[in-house]
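Enquirer: My questions all concern the structure below.
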Amino acid sequence: MCGRHWHEEVRVHLPAQYMLAGFGRLTRAWGPRTIVVLSSYRFGSSLMMNYLSAQPNIRRRGEILNPDEIVYGNFAGASRGRVLTHIRAMSFTPPGRIAMVKLMDSQIEDHGLKLDDIISALDQPYIVAVYRRDLLSAYVSLCIAEQNGIWYSTNQINDLRISIELSALRDYVRNTRLRWMHYSARLRNYNRSIIVAYEDFSERPEDVMNRIFDFFGFPRRGPVTETVRQNPAPASRKIENYNELGLDELLVRGEFTLDLDILQTGRDR
């Protein structure tokens with residue numbers, strides 16, 4: 001196996017994944033024994049997973065559809081059924097344990113899947129949907145990570161400054177709002193989901209995590225994380241052409257805000 005452990009081989013080996021998927025059906029491995037952290041890049045999903053991992057019976061996975069994560073495999077071009085089998089296998093855990101996996105919205109869409117496909121494949125799992133109100137900060141953080149390749153760190157804080165294009169930022173905001181308006185509408189009618197904003201659990205972690213643990217029926221545990229916030233500087237310092245683009249005025253008008261309550265209210269009218 002070239003130094004790889006057997007469980008790493010299982011993650012990408014088709015017969016083994018079919019075996020796990022079949023065994024999972026027999027043992028009812030999914031449903032309330034699975035937690036899906038649904039998010040977008042740079043929305044704080046790693047911080048949420050760190051906080052959830054305080055529960056000792058949770059078995060944590062990573063981004064199981066990330067093609068750059070070698071241990072999970074690259075499923076670009078794979079059939080819908082093959083991708084769902086992979087998701088089931090990666091969400092398998094022995095009796096008495098709870099599996100936690102991360103799925104990014106773009107990864108789901110890249111494979112031609114919908115949120116309802118995930119819900120059905122995993123027998124109605126719990127879903128923690130993590131979004132971010134400040135889309136300007138999320139966008140800049142995404143651009144910086146794509147530039148320096150640092151997506152997760154326990155000790156490194158970025159001091160990189162970048163220039164951005166206003167048209168690209170607006171496209172990002174528009175697409176992100178549409179996607180999360182759809183997710184919010186679906187999850188508000190799904191009783192095994194909870195929607196949380198990064199700003200809330202980063203500023204008041206204990207309050208938010210107590211609410212989430214109560215929702216799951218887990219004992220309360222203090223939030224602990226090993227990660228550091230990688231881009232803590234204000235946007236005006238991270239964006240070289242901040243003043244040139246007139247971002248202060250646009251921020252005041254709320255042009256880069258993802259407010260799910262307002263968006264949903266507008267949709268329901």
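For the structure tokens, the naming scheme is as follows: chains receive sequential letters (A, B, ...) according to their order of presentation, residues are indexed from 1 within each chain, and ligands are indexed from 1 in presentation order.
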Could you list, as a PyMOL selection string, every residue within 10 Å of Asn210 of chain A, counting only C-alpha atoms and ignoring same-chain residues fewer than 3 positions away?

Expert: chain A and resi 205-207+213-216+218-223

Enquirer: Could you tell me, as a VMD selection string, which residues of segment 42-257 of chain A DSSP assigns to strand (DSSP E or B) when given the backbone?

Expert: chain A and resid 58 to 63 98 to 104 126 to 131 134 162 193 to 197 239 257

Enquirer: With only C-alpha atoms as the counted atoms, please give the residues lying no more than 10 Å from segment 224-240 of chain A, apart from itself and same-chain residues fewer than 3 positions off, as a ChimeraX atom specification.

Expert: /A:44,46-54,136-138,140-141,144-145,150-164,202,205-206,221,243-245,247-248

Enquirer: Expressed in Å to a single decimal, how great is the separation between atom CA of Ile108 of chain A and atom CA of Thr27 of chain A?

Expert: 25.9 Å

Enquirer: Which polymer residues have any atom within 12 Å of an atom of Asp171 of chain A, counting only C-alpha atoms, with same-chain residues fewer than 3 positions away left out, as a PyMOL selection string?

Expert: chain A and resi 135-136+139+165-168+174-178+255-256

Enquirer: Give me, as a list in words, all polymer residues having an atom no more than 7 Å from Asp105 of chain A, counting only C-alpha atoms and skipping those fewer than 5 positions away in the same chain.

Expert: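 Near neighbours after the sequence-gap exclusion: Leu38, Ser39 and Ser40 of chain A.
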
Enquirer: Compare A:Asn189, A:Thr85, A:Ser184, A:Gln147 by their minimum atom-to-atom distance to Asp259 of chain A, counting only C-alpha atoms, and give me the closest one.

Expert: A:Ser184

Enquirer: Find the spatial neighbours of Lys102 of chain A, counting only C-alpha atoms, within a cut-off of 8 Å - ignore same-chain residues fewer than 6 positions away - and output them as a list of chain:residue names.

Expert: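 In the requested form, the answer reads A:Val36, A:Val37, A:Leu38, A:Ser39, A:Ser45, A:Arg61, A:Gly62, A:Glu63, A:Ile64.
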
Enquirer: Write the residues of the selection above to a file with N, CA, C and O atoms, as an mmCIF file, in the first residue's frame.

Expert:
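The result, stored in out-v1.cif:
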data_model
loop_
_atom_site.group_PDB
_atom_site.id
_atom_site.type_symbol
_atom_site.label_atom_id
_atom_site.label_comp_id
_atom_site.auth_asym_id
_atom_site.auth_seq_id
_atom_site.Cartn_x
_atom_site.Cartn_y
_atom_site.Cartn_z
ATOM 1 N N VAL A 36 -23.495 16.778 8.966
ATOM 2 C CA VAL A 36 -22.907 17.415 7.789
ATOM 3 C C VAL A 36 -22.723 18.897 8.094
ATOM 4 O O VAL A 36 -23.692 19.585 8.438
ATOM 5 N N VAL A 37 -21.485 19.351 8.007
ATOM 6 C CA VAL A 37 -21.220 20.783 8.100
ATOM 7 C C VAL A 37 -21.236 21.324 6.673
ATOM 8 O O VAL A 37 -20.360 21.018 5.869
ATOM 9 N N LEU A 38 -22.266 22.089 6.359
ATOM 10 C CA LEU A 38 -22.460 22.657 5.031
ATOM 11 C C LEU A 38 -22.007 24.107 5.046
ATOM 12 O O LEU A 38 -22.442 24.893 5.888
ATOM 13 N N SER A 39 -21.135 24.465 4.104
ATOM 14 C CA SER A 39 -20.619 25.820 4.134
ATOM 15 C C SER A 39 -20.070 26.224 2.774
ATOM 16 O O SER A 39 -20.171 25.473 1.799
ATOM 17 N N SER A 45 -16.013 27.259 8.467
ATOM 18 C CA SER A 45 -16.423 25.877 8.700
ATOM 19 C C SER A 45 -15.401 25.091 9.523
ATOM 20 O O SER A 45 -15.775 24.231 10.328
ATOM 21 N N ARG A 61 -14.286 13.821 9.836
ATOM 22 C CA ARG A 61 -13.691 13.769 8.506
ATOM 23 C C ARG A 61 -13.430 15.192 8.035
ATOM 24 O O ARG A 61 -13.791 16.147 8.705
ATOM 25 N N GLY A 62 -12.847 15.320 6.852
ATOM 26 C CA GLY A 62 -12.615 16.642 6.294
ATOM 27 C C GLY A 62 -13.566 16.929 5.149
ATOM 28 O O GLY A 62 -14.722 16.496 5.166
ATOM 29 N N GLU A 63 -13.073 17.634 4.140
ATOM 30 C CA GLU A 63 -13.862 17.931 2.941
ATOM 31 C C GLU A 63 -13.836 16.706 2.038
ATOM 32 O O GLU A 63 -12.935 16.538 1.227
ATOM 33 N N ILE A 64 -14.823 15.889 2.152
ATOM 34 C CA ILE A 64 -14.782 14.577 1.495
ATOM 35 C C ILE A 64 -14.979 14.655 -0.016
ATOM 36 O O ILE A 64 -14.799 13.651 -0.707
#

Enquirer: Extract, using only C-alpha atoms, all DNA, RNA and protein residues at most 10 Å from Pro67 of chain A, discarding same-chain residues fewer than 6 positions from it, and format them as a list in words.

Expert: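 The residues that qualify are Gly73, Asn74, Phe75, Ala76 and Gln107 of chain A.
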
Enquirer: Please report, as a PyMOL selection string, each residue of segment 49-269 of chain A to which DSSP assigns helix (DSSP H, G or I) when run on this structure's backbone.

Expert: chain A and resi 49-52+80-90+105-110+115-121+135-148+166-187+198-203+205-216+235-238+247-252+260-268

Enquirer: Counting only C-alpha atoms, figure out which residue out of A:His111, A:Arg211, A:Arg186, A:Arg88 gets nearest to Gly31 of chain A.

Expert: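 Of A:His111, A:Arg211, A:Arg186, A:Arg88, the one nearest Gly31 of chain A, counting only C-alpha atoms, is A:Arg88.
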
Enquirer: So, counting only C-alpha atoms, which residue among A:Asp68, A:Thr34, A:Arg204, A:Pro125 is closest to Gly149 of chain A?

Expert: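 For Gly149 of chain A, the nearest of the given residues is A:Asp68.
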